[in-house]
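Pasting final_29.pdb here (PDB, C-alpha atoms and all ligand atoms):
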```pdb
ATOM      1  CA  MET A 295      27.986  18.137 -13.365
ATOM      2  CA  SER A 296      30.674  17.845 -10.685
ATOM      3  CA  GLN A 297      30.589  14.807  -8.432
ATOM      4  CA  THR A 298      30.615  14.867  -4.657
ATOM      5  CA  LYS A 299      33.521  13.110  -2.940
ATOM      6  CA  PRO A 300      32.030  10.041  -1.248
ATOM      7  CA  VAL A 301      32.571   9.359   2.458
ATOM      8  CA  ILE A 302      31.457   6.598   4.810
ATOM      9  CA  ILE A 303      31.603   6.226   8.591
ATOM     10  CA  VAL A 304      30.476   3.233  10.656
ATOM     11  CA  HIS A 305      30.231   2.509  14.380
ATOM     12  CA  GLY A 306      30.211  -0.716  16.360
ATOM     13  CA  GLY A 307      28.623   0.770  19.447
ATOM     14  CA  ALA A 308      29.370   2.937  22.457
ATOM     15  CA  LYS A 309      30.580   0.557  25.144
ATOM     16  CA  THR A 310      33.495  -0.644  27.240
ATOM     17  CA  ILE A 311      35.724  -2.710  24.963
ATOM     18  CA  SER A 312      37.762  -5.295  26.841
ATOM     19  CA  GLU A 313      41.404  -5.802  25.781
ATOM     20  CA  ASP A 314      40.680  -9.132  24.133
ATOM     21  CA  LYS A 315      37.955  -7.586  21.929
ATOM     22  CA  VAL A 316      39.885  -4.548  20.649
ATOM     23  CA  GLU A 317      41.226  -6.286  17.516
ATOM     24  CA  ALA A 318      37.844  -7.773  16.635
ATOM     25  CA  ASN A 319      36.224  -4.329  16.917
ATOM     26  CA  HIS A 320      38.851  -2.775  14.607
ATOM     27  CA  ALA A 321      38.571  -5.628  12.110
ATOM     28  CA  GLY A 322      34.767  -5.668  12.071
ATOM     29  CA  CYS A 323      34.420  -1.907  11.593
ATOM     30  CA  ARG A 324      37.135  -1.931   8.922
ATOM     31  CA  ALA A 325      35.350  -4.698   6.985
ATOM     32  CA  ALA A 326      32.043  -2.852   7.234
ATOM     33  CA  ALA A 327      33.545   0.456   6.062
ATOM     34  CA  LEU A 328      35.180  -1.333   3.123
ATOM     35  CA  ALA A 329      31.914  -3.053   2.117
ATOM     36  CA  GLY A 330      30.099   0.285   2.080
ATOM     37  CA  TRP A 331      33.025   2.032   0.411
ATOM     38  CA  SER A 332      33.073  -0.469  -2.436
ATOM     39  CA  VAL A 333      29.422   0.455  -3.186
ATOM     40  CA  LEU A 334      30.190   4.201  -3.102
ATOM     41  CA  ALA A 335      33.355   3.860  -5.201
ATOM     42  CA  GLN A 336      31.322   2.175  -7.944
ATOM     43  CA  GLY A 337      28.812   5.036  -7.944
ATOM     44  CA  GLY A 338      26.206   3.246  -5.788
ATOM     45  CA  SER A 339      23.770   5.150  -3.599
ATOM     46  CA  ALA A 340      24.327   6.136   0.012
ATOM     47  CA  ALA A 341      21.411   3.896   1.075
ATOM     48  CA  GLU A 342      22.959   0.876  -0.700
ATOM     49  CA  ALA A 343      26.291   1.600   0.987
ATOM     50  CA  VAL A 344      24.680   1.885   4.426
ATOM     51  CA  GLU A 345      22.911  -1.450   3.952
ATOM     52  CA  ALA A 346      26.116  -3.139   2.710
ATOM     53  CA  ALA A 347      28.134  -1.883   5.692
ATOM     54  CA  ILE A 348      25.522  -2.767   8.295
ATOM     55  CA  ARG A 349      25.044  -6.265   6.819
ATOM     56  CA  VAL A 350      28.713  -6.910   7.623
ATOM     57  CA  LEU A 351      28.278  -5.755  11.220
ATOM     58  CA  GLU A 352      25.055  -7.784  11.563
ATOM     59  CA  SER A 353      26.991 -10.901  10.497
ATOM     60  CA  ASP A 354      29.810 -10.369  12.990
ATOM     61  CA  GLN A 355      29.192 -11.706  16.482
ATOM     62  CA  THR A 356      31.529  -9.067  17.925
ATOM     63  CA  PHE A 357      28.652  -6.613  17.642
ATOM     64  CA  ASN A 358      25.205  -6.399  19.146
ATOM     65  CA  ALA A 359      23.138  -6.577  15.956
ATOM     66  CA  GLY A 360      21.855  -9.493  13.877
ATOM     67  CA  PHE A 361      23.862 -12.660  14.649
ATOM     68  CA  GLY A 362      25.441 -12.352  18.102
ATOM     69  CA  SER A 363      22.854  -9.920  19.474
ATOM     70  CA  THR A 364      22.241  -9.837  23.205
ATOM     71  CA  LEU A 365      19.384 -12.034  24.370
ATOM     72  CA  ASN A 366      16.158 -10.799  25.892
ATOM     73  CA  SER A 367      14.747 -12.037  29.196
ATOM     74  CA  GLU A 368      13.305 -15.084  27.430
ATOM     75  CA  GLY A 369      16.665 -16.009  25.862
ATOM     76  CA  GLU A 370      15.648 -14.801  22.375
ATOM     77  CA  VAL A 371      17.300 -12.516  19.827
ATOM     78  CA  GLU A 372      14.784  -9.777  19.033
ATOM     79  CA  VAL A 373      16.174  -7.005  16.834
ATOM     80  CA  ASP A 374      15.436  -3.480  15.593
ATOM     81  CA  ALA A 375      16.802  -1.592  12.572
ATOM     82  CA  ALA A 376      16.050   1.550  10.576
ATOM     83  CA  ILE A 377      17.355   3.483   7.589
ATOM     84  CA  MET A 378      16.734   7.030   6.322
ATOM     85  CA  ASP A 379      17.412   8.709   2.974
ATOM     86  CA  GLY A 380      18.554  12.325   3.201
ATOM     87  CA  ALA A 381      17.375  13.245  -0.305
ATOM     88  CA  THR A 382      13.699  12.385   0.201
ATOM     89  CA  LEU A 383      13.473  12.063   4.015
ATOM     90  CA  SER A 384      12.055   8.623   3.299
ATOM     91  CA  TRP A 385      12.633   5.983   5.971
ATOM     92  CA  GLY A 386      11.827   2.403   6.949
ATOM     93  CA  ALA A 387      12.121   0.443  10.178
ATOM     94  CA  VAL A 388      11.507  -2.895  11.858
ATOM     95  CA  ALA A 389      11.376  -3.589  15.574
ATOM     96  CA  ALA A 390      11.215  -6.659  17.828
ATOM     97  CA  VAL A 391      11.594  -9.018  14.864
ATOM     98  CA  GLN A 392      13.009 -12.535  15.062
ATOM     99  CA  GLY A 393      14.457 -14.849  12.420
ATOM    100  CA  VAL A 394      15.319 -12.066   9.938
ATOM    101  CA  ARG A 395      18.987 -12.485   9.033
ATOM    102  CA  HIS A 396      19.541  -8.836   8.041
ATOM    103  CA  PRO A 397      17.045  -6.479   9.665
ATOM    104  CA  ILE A 398      18.693  -3.504   7.893
ATOM    105  CA  ALA A 399      17.714  -5.074   4.538
ATOM    106  CA  ALA A 400      14.107  -5.294   5.702
ATOM    107  CA  ALA A 401      14.218  -1.648   6.823
ATOM    108  CA  ARG A 402      15.532  -0.580   3.412
ATOM    109  CA  ARG A 403      12.867  -2.540   1.504
ATOM    110  CA  ILE A 404      10.190  -0.930   3.685
ATOM    111  CA  MET A 405      11.667   2.506   2.966
ATOM    112  CA  GLU A 406      11.524   1.833  -0.776
ATOM    113  CA  GLU A 407       7.954   0.519  -0.645
ATOM    114  CA  LYS A 408       6.203   2.735   1.916
ATOM    115  CA  PRO A 409       7.808   4.479   4.917
ATOM    116  CA  ARG A 410       6.628   2.841   8.133
ATOM    117  CA  LEU A 411       7.727   0.919  11.209
ATOM    118  CA  LEU A 412       6.732  -2.764  11.144
ATOM    119  CA  VAL A 413       6.876  -4.527  14.496
ATOM    120  CA  ALA A 414       7.303  -8.218  15.407
ATOM    121  CA  ARG A 415       5.211 -10.596  13.238
ATOM    122  CA  SER A 416       4.370  -7.834  10.788
ATOM    123  CA  GLY A 417       8.079  -7.097  10.158
ATOM    124  CA  GLU A 418       8.869 -10.798   9.897
ATOM    125  CA  ARG A 419       6.020 -11.360   7.424
ATOM    126  CA  PHE A 420       7.188  -8.400   5.316
ATOM    127  CA  ALA A 421      10.722  -9.814   5.152
ATOM    128  CA  LEU A 422       9.470 -13.280   4.207
ATOM    129  CA  GLU A 423       7.069 -11.979   1.555
ATOM    130  CA  HIS A 424       9.794  -9.817   0.016
ATOM    131  CA  GLY A 425      12.226 -12.708  -0.341
ATOM    132  CA  LEU A 426      14.686 -11.480   2.287
ATOM    133  CA  GLU A 427      16.945 -13.973   4.009
ATOM    134  CA  MET A 428      15.154 -15.690   6.892
ATOM    135  CA  CYS A 429      16.630 -18.147   9.389
ATOM    136  CA  ALA A 430      15.635 -20.176  12.412
ATOM    137  CA  LYS A 431      15.356 -17.895  15.447
ATOM    138  CA  LYS A 432      18.130 -19.833  17.183
ATOM    139  CA  ASP A 433      20.518 -19.232  14.263
ATOM    140  CA  LEU A 434      20.992 -15.628  15.397
ATOM    141  CA  ILE A 435      22.104 -16.727  18.866
ATOM    142  CA  SER A 436      25.874 -16.981  19.275
ATOM    143  CA  GLU A 437      27.333 -19.463  21.721
ATOM    144  CA  GLU A 438      28.981 -16.668  23.704
ATOM    145  CA  GLN A 439      25.710 -14.797  24.064
ATOM    146  CA  TYR A 440      23.851 -17.944  25.078
ATOM    147  CA  GLU A 441      26.444 -18.767  27.754
ATOM    148  CA  GLU A 442      26.325 -15.213  29.114
ATOM    149  CA  TRP A 443      22.543 -15.259  29.236
ATOM    150  CA  LYS A 444      22.438 -18.679  30.895
ATOM    151  CA  GLU A 445      24.997 -17.677  33.519
ATOM    152  CA  ASP A 446      23.443 -14.217  33.881
ATOM    153  CA  VAL A 447      26.955 -12.719  33.867
ATOM    154  CA  GLU A 448      27.693  -9.017  34.070
ATOM    155  CA  VAL A 449      28.840  -8.096  30.545
ATOM    156  CA  LEU A 450      31.103  -5.135  29.909
ATOM    157  CA  ASP A 451      31.716  -5.137  26.235
ATOM    158  CA  ARG A 452      28.549  -5.655  24.290
ATOM    159  CA  PRO A 453      25.705  -3.451  25.322
ATOM    160  CA  ASN A 454      25.230  -1.792  22.004
ATOM    161  CA  THR A 455      24.165  -1.267  18.465
ATOM    162  CA  VAL A 456      25.857  -0.653  15.107
ATOM    163  CA  GLY A 457      25.354   2.076  12.525
ATOM    164  CA  CYS A 458      26.548   3.786   9.386
ATOM    165  CA  VAL A 459      26.283   7.142   7.590
ATOM    166  CA  ALA A 460      27.286   7.555   3.947
ATOM    167  CA  LEU A 461      27.536  10.366   1.395
ATOM    168  CA  ASP A 462      27.452   9.289  -2.262
ATOM    169  CA  ILE A 463      28.812  10.870  -5.455
ATOM    170  CA  ASN A 464      25.452  12.522  -6.127
ATOM    171  CA  GLY A 465      25.628  14.370  -2.806
ATOM    172  CA  ASN A 466      22.970  12.190  -1.190
ATOM    173  CA  LEU A 467      23.248  11.164   2.448
ATOM    174  CA  ALA A 468      21.784   8.109   4.189
ATOM    175  CA  ALA A 469      21.948   6.828   7.758
ATOM    176  CA  GLY A 470      21.131   3.424   9.234
ATOM    177  CA  THR A 471      21.229   1.741  12.637
ATOM    178  CA  SER A 472      20.700  -1.858  13.795
ATOM    179  CA  THR A 473      20.590  -3.406  17.279
ATOM    180  CA  GLY A 474      19.817  -6.415  19.423
ATOM    181  CA  GLY A 475      18.643  -4.012  22.145
ATOM    182  CA  THR A 476      19.772  -4.216  25.747
ATOM    183  CA  ASN A 477      20.963  -7.243  27.675
ATOM    184  CA  GLY A 478      18.034  -9.173  29.163
ATOM    185  CA  GLN A 479      15.473  -6.660  27.937
ATOM    186  CA  PRO A 480      11.820  -7.658  28.335
ATOM    187  CA  GLN A 481      10.247  -9.275  25.284
ATOM    188  CA  GLY A 482       8.906  -6.541  23.007
ATOM    189  CA  ARG A 483      11.010  -3.725  24.496
ATOM    190  CA  VAL A 484      12.054  -1.299  21.718
ATOM    191  CA  GLY A 485      14.684   1.408  22.200
ATOM    192  CA  ASP A 486      15.819   4.316  20.026
ATOM    193  CA  THR A 487      17.252   2.406  17.047
ATOM    194  CA  ALA A 488      14.029   2.019  15.077
ATOM    195  CA  LEU A 489      12.914   5.591  15.765
ATOM    196  CA  VAL A 490      13.728   8.310  13.239
ATOM    197  CA  GLY A 491      15.201  11.323  15.026
ATOM    198  CA  CYS A 492      16.439   9.176  17.927
ATOM    199  CA  GLY A 493      18.516   6.304  16.460
ATOM    200  CA  LEU A 494      19.204   7.959  13.113
ATOM    201  CA  TYR A 495      18.508  10.963  10.917
ATOM    202  CA  ALA A 496      19.508  12.111   7.432
ATOM    203  CA  ASP A 497      18.755  15.329   5.591
ATOM    204  CA  ASN A 498      20.815  16.360   2.558
ATOM    205  CA  ARG A 499      20.526  20.004   3.634
ATOM    206  CA  LEU A 500      22.539  19.382   6.835
ATOM    207  CA  GLY A 501      23.916  15.868   7.366
ATOM    208  CA  GLY A 502      23.358  12.300   8.507
ATOM    209  CA  CYS A 503      23.673  10.728  11.959
ATOM    210  CA  SER A 504      23.522   7.261  13.540
ATOM    211  CA  THR A 505      23.455   6.846  17.319
ATOM    212  CA  THR A 506      24.274   4.135  19.849
ATOM    213  CA  GLY A 507      23.668   3.848  23.574
ATOM    214  CA  ASP A 508      20.896   3.659  26.138
ATOM    215  CA  GLY A 509      17.655   3.946  24.205
ATOM    216  CA  GLU A 510      15.777   5.180  27.253
ATOM    217  CA  SER A 511      18.184   8.171  27.448
ATOM    218  CA  ILE A 512      18.496   8.759  23.688
ATOM    219  CA  ILE A 513      14.743   8.964  23.071
ATOM    220  CA  PRO A 514      13.915  11.948  25.328
ATOM    221  CA  VAL A 515      16.715  14.087  23.837
ATOM    222  CA  VAL A 516      15.947  12.947  20.248
ATOM    223  CA  LEU A 517      19.676  12.459  19.919
ATOM    224  CA  ALA A 518      20.164  12.012  16.161
ATOM    225  CA  LYS A 519      17.981  14.982  15.204
ATOM    226  CA  SER A 520      19.583  17.110  17.936
ATOM    227  CA  ALA A 521      23.026  16.333  16.501
ATOM    228  CA  ILE A 522      21.843  17.181  12.968
ATOM    229  CA  ASP A 523      20.248  20.441  14.138
ATOM    230  CA  ALA A 524      23.568  21.329  15.804
ATOM    231  CA  LEU A 525      25.172  21.371  12.312
ATOM    232  CA  ALA A 526      23.224  24.533  11.443
ATOM    233  CA  GLY A 527      25.389  27.524  10.601
ATOM    234  CA  GLY A 528      28.224  25.316   9.358
ATOM    235  CA  ARG A 529      29.264  23.920  12.736
ATOM    236  CA  HIS A 530      31.832  21.111  12.367
ATOM    237  CA  PRO A 531      30.227  17.641  12.759
ATOM    238  CA  ASP A 532      32.658  16.747  15.535
ATOM    239  CA  GLU A 533      31.502  19.756  17.560
ATOM    240  CA  ALA A 534      27.863  19.007  16.744
ATOM    241  CA  ALA A 535      28.320  15.406  17.946
ATOM    242  CA  GLN A 536      29.968  16.574  21.172
ATOM    243  CA  GLN A 537      27.211  19.103  21.770
ATOM    244  CA  ALA A 538      24.489  16.468  21.329
ATOM    245  CA  ILE A 539      26.209  14.027  23.708
ATOM    246  CA  ALA A 540      26.792  16.806  26.274
ATOM    247  CA  THR A 541      23.084  17.637  26.159
ATOM    248  CA  LEU A 542      22.178  13.977  26.742
ATOM    249  CA  GLN A 543      24.586  13.764  29.656
ATOM    250  CA  SER A 544      23.401  16.950  31.325
ATOM    251  CA  ARG A 545      19.664  16.385  30.798
ATOM    252  CA  VAL A 546      19.115  12.658  31.268
ATOM    253  CA  GLU A 547      22.492  11.018  31.959
ATOM    254  CA  GLY A 548      23.049   7.609  30.346
ATOM    255  CA  GLU A 549      25.720   6.379  27.917
ATOM    256  CA  ALA A 550      25.591   7.144  24.216
ATOM    257  CA  GLY A 551      27.559   7.941  21.104
ATOM    258  CA  CYS A 552      26.889   9.258  17.624
ATOM    259  CA  ILE A 553      28.591   9.451  14.219
ATOM    260  CA  LEU A 554      27.950  12.212  11.688
ATOM    261  CA  ILE A 555      28.716  13.268   8.132
ATOM    262  CA  ASP A 556      27.668  16.768   7.119
ATOM    263  CA  CYS A 557      26.556  17.831   3.644
ATOM    264  CA  GLN A 558      30.142  18.993   2.890
ATOM    265  CA  GLY A 559      31.446  15.475   3.592
ATOM    266  CA  ARG A 560      33.095  16.323   6.909
ATOM    267  CA  ILE A 561      32.884  13.639   9.601
ATOM    268  CA  GLY A 562      32.636  13.663  13.369
ATOM    269  CA  TRP A 563      31.778  11.487  16.317
ATOM    270  CA  ALA A 564      31.464  11.702  20.077
ATOM    271  CA  TYR A 565      30.598   9.401  22.968
ATOM    272  CA  ASN A 566      30.506   9.447  26.741
ATOM    273  CA  SER A 567      30.999   5.697  27.194
ATOM    274  CA  GLU A 568      34.417   4.272  27.976
ATOM    275  CA  ASP A 569      35.106   3.346  24.323
ATOM    276  CA  MET A 570      33.459   3.430  20.922
ATOM    277  CA  ALA A 571      34.414   1.454  17.807
ATOM    278  CA  VAL A 572      34.449   3.615  14.641
ATOM    279  CA  ALA A 573      35.861   3.388  11.112
ATOM    280  CA  TYR A 574      35.713   5.813   8.204
ATOM    281  CA  MET A 575      36.869   5.843   4.612
ATOM    282  CA  ASN A 576      37.252   8.508   1.930
ATOM    283  CA  GLU A 577      39.221   9.087  -1.286
ATOM    284  CA  GLU A 578      42.272  10.378   0.574
ATOM    285  CA  LEU A 579      42.734   7.080   2.429
ATOM    286  CA  SER A 580      44.034   3.808   1.018
ATOM    287  CA  GLU A 581      42.570   1.902   3.993
ATOM    288  CA  PRO A 582      39.760   2.728   6.416
ATOM    289  CA  ALA A 583      40.876   4.572   9.553
ATOM    290  CA  THR A 584      39.705   2.568  12.567
ATOM    291  CA  PHE A 585      39.351   3.505  16.238
ATOM    292  CA  THR A 586      38.122   2.172  19.533
ATOM    293  CA  GLY A 587      38.527   5.559  21.182
ATOM    294  CA  LYS A 588      39.271   9.186  20.326
ATOM    295  CA  GLU A 589      42.030  11.256  21.938
ATOM    296  CA  GLN A 590      41.251  14.679  20.541
ATOM    297  CA  PRO A 591      38.396  16.411  18.771
ATOM    298  CA  LEU A 592      38.589  16.266  14.943
ATOM    299  CA  ALA A 593      37.676  19.942  14.590
ATOM    300  CA  ALA A 594      40.835  20.893  16.466
ATOM    301  CA  ALA A 595      43.027  18.439  14.610
TER     302      ALA A 595
HETATM  303  N1  LIG B   1      20.408   1.752  21.442
HETATM  304  C1  LIG B   1      19.771   0.501  21.395
HETATM  305  C2  LIG B   1      18.705   0.301  22.358
HETATM  306  O1  LIG B   1      18.643   0.991  23.376
HETATM  307  O2  LIG B   1      17.883  -0.558  22.137
END
```
Will you turn the file into structure tokens for me?
Amino acid sequence: MSQTKPVIIVHGGAKTISEDKVEANHAGCRAAALAGWSVLAQGGSAAEAVEAAIRVLESDQTFNAGFGSTLNSEGEVEVDAAIMDGATLSWGAVAAVQGVRHPIAAARRIMEEKPRLLVARSGERFALEHGLEMCAKKDLISEEQYEEWKEDVEVLDRPNTVGCVALDINGNLAAGTSTGGTNGQPQGRVGDTALVGCGLYADNRLGGCSTTGDGESIIPVVLAKSAIDALAGGRHPDEAAQQAIATLQSRVEGEAGCILIDCQGRIGWAYNSEDMAVAYMNEELSEPATFTGKEQPLAAA
């Protein structure tokens, strides 16, 4: 049986990236793409690769996920994450959890056990009972985030979310997304990231998508599923991504971005924020290609 050529794409969020953070965004997305790529290159599954890549982004305080997440109004890190398998349409998610080092790992374990969304104490208990890495709540707070919260400063470069889509050698797709939510959000506020169809979607028949941006704008346009539906008829993923973002902009405004891989292994992404950190890797490349912006559509390239 012939093998599919694996592909992985990651994002570090749709946002404004200040000059002094450009290098860190490239380096973080590159490291995440490489971690996921190493799983795919050894024949691992798309879901394993997505978890491996997102774990790297959750450990990097450059990004708003896991350690270094934005703080809520009470000065706490409260995170959401979800993953979806395009072969089975299985999924798992956690929301508003604290003290879970890698929320994407919890989401994946939930997906494997029984698809559902576990919120707050229920998600934390699941992670603990399944032997996932726990930490003190304060251990997910970076010094920079704490200072910004304390000073209540206007922050340009970290409003958002990380994600990954992967296609493995068996032709299976998976998508995952992880976030610390929005700056100063009320305790218990949950955006799009944990919601299948909004923050992520994967279906082997069409493609996989992870989104980033204002949850309150992404939810009403069901952004990830809209982008996947736009792949119908063989549309290039870059065009599908642009179409989904244009719909969001025209219907509800707000800032967002999305990354896609279609079932043929073609990639695409679009955003209407100032910048968006992205990296992808495939067999043709010796190193991940990394970006903090995009000058021209991939379909036209
Ligand atoms: N996109 C992340 C959030 O709105 O919570």
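Using all atoms listed in the file, the smallest distance between any of A:Ser367, A:Val413, A:Cys429, A:Val344 and Ala399 in chain A comes from A:Val344.
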Reference answer for the PyMOL selection byres (((not hetatm)) within 6 of (chain B and resi 1)), as a list in words:
Asn454, Thr455, Thr473, Gly475, Thr476, Val484, Gly485, Asp486, Thr487, Thr506, Gly507, Asp508 and Gly509 of chain A
Quick one: write out the picked residues with C-alpha atoms as a short mmCIF file (atom, residue, chain, number, x, y, z; two decimals), in the coordinates of the input?
```
data_model
loop_
_atom_site.label_atom_id
_atom_site.label_comp_id
_atom_site.auth_asym_id
_atom_site.auth_seq_id
_atom_site.Cartn_x
_atom_site.Cartn_y
_atom_site.Cartn_z
CA ASN A 454 25.23 -1.79 22.00
CA THR A 455 24.16 -1.27 18.46
CA THR A 473 20.59 -3.41 17.28
CA GLY A 475 18.64 -4.01 22.14
CA THR A 476 19.77 -4.22 25.75
CA VAL A 484 12.05 -1.30 21.72
CA GLY A 485 14.68 1.41 22.20
CA ASP A 486 15.82 4.32 20.03
CA THR A 487 17.25 2.41 17.05
CA THR A 506 24.27 4.14 19.85
CA GLY A 507 23.67 3.85 23.57
CA ASP A 508 20.90 3.66 26.14
CA GLY A 509 17.66 3.95 24.20
#
```
Each residue of range 340-425 of chain A with at least one atom at most 12 Å from range 563-580 of chain A should appear once, together with its nearest atom pair and the corresponding distance in Å (one decimal); atoms considered: all atoms listed in the file; ordering: chain, then increasing residue number; output as a tab-separated table.
```
residue	atom	partner	partner_atom	distance
A:Ala343	CA	A:Met575	CA	12.0
A:Ala347	CA	A:Ala573	CA	10.8
A:Leu351	CA	A:Ala571	CA	11.5
A:Thr356	CA	A:Ala571	CA	10.9
A:Phe357	CA	A:Ala571	CA	9.9
```
I need the residue nearest Gln336 in chain A from this list: A:Ile463, A:Leu412, A:Leu422, A:Val350. Use only C-alpha atoms for the distance.
A:Ile463
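The interatomic distance for the pair CA of Ala488 in chain A and CA of Leu525 in chain A works out to 22.5 Å.
Minimum atom-to-atom distances from A:Ile512, A:Ala538, A:Cys503, A:Ala550 to Leu461 in chain A were compared using only C-alpha atoms, and the lowest value belongs to A:Cys503.
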Selection result of the PyMOL selection byres (((chain A and resi 359) around 7) and not hetatm) on this file, as a ChimeraX atom specification
/A:352,357-358,360-363,455-456,472-474
Report as number ranges by chain the full result of the PyMOL selection byres (((chain A and resi 531) around 12) and not hetatm) when it is applied to this structure.
A: 500-503, 520-530, 532-538, 552-564, 591-594
Would you work out the distance separating CA of Asn464 in chain A from CA of Leu426 in chain A, expressed in Å to one decimal?
27.6 Å
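Across the model, the gap from CA of Glu342 in chain A to CA of Ala518 in chain A is 20.4 Å.
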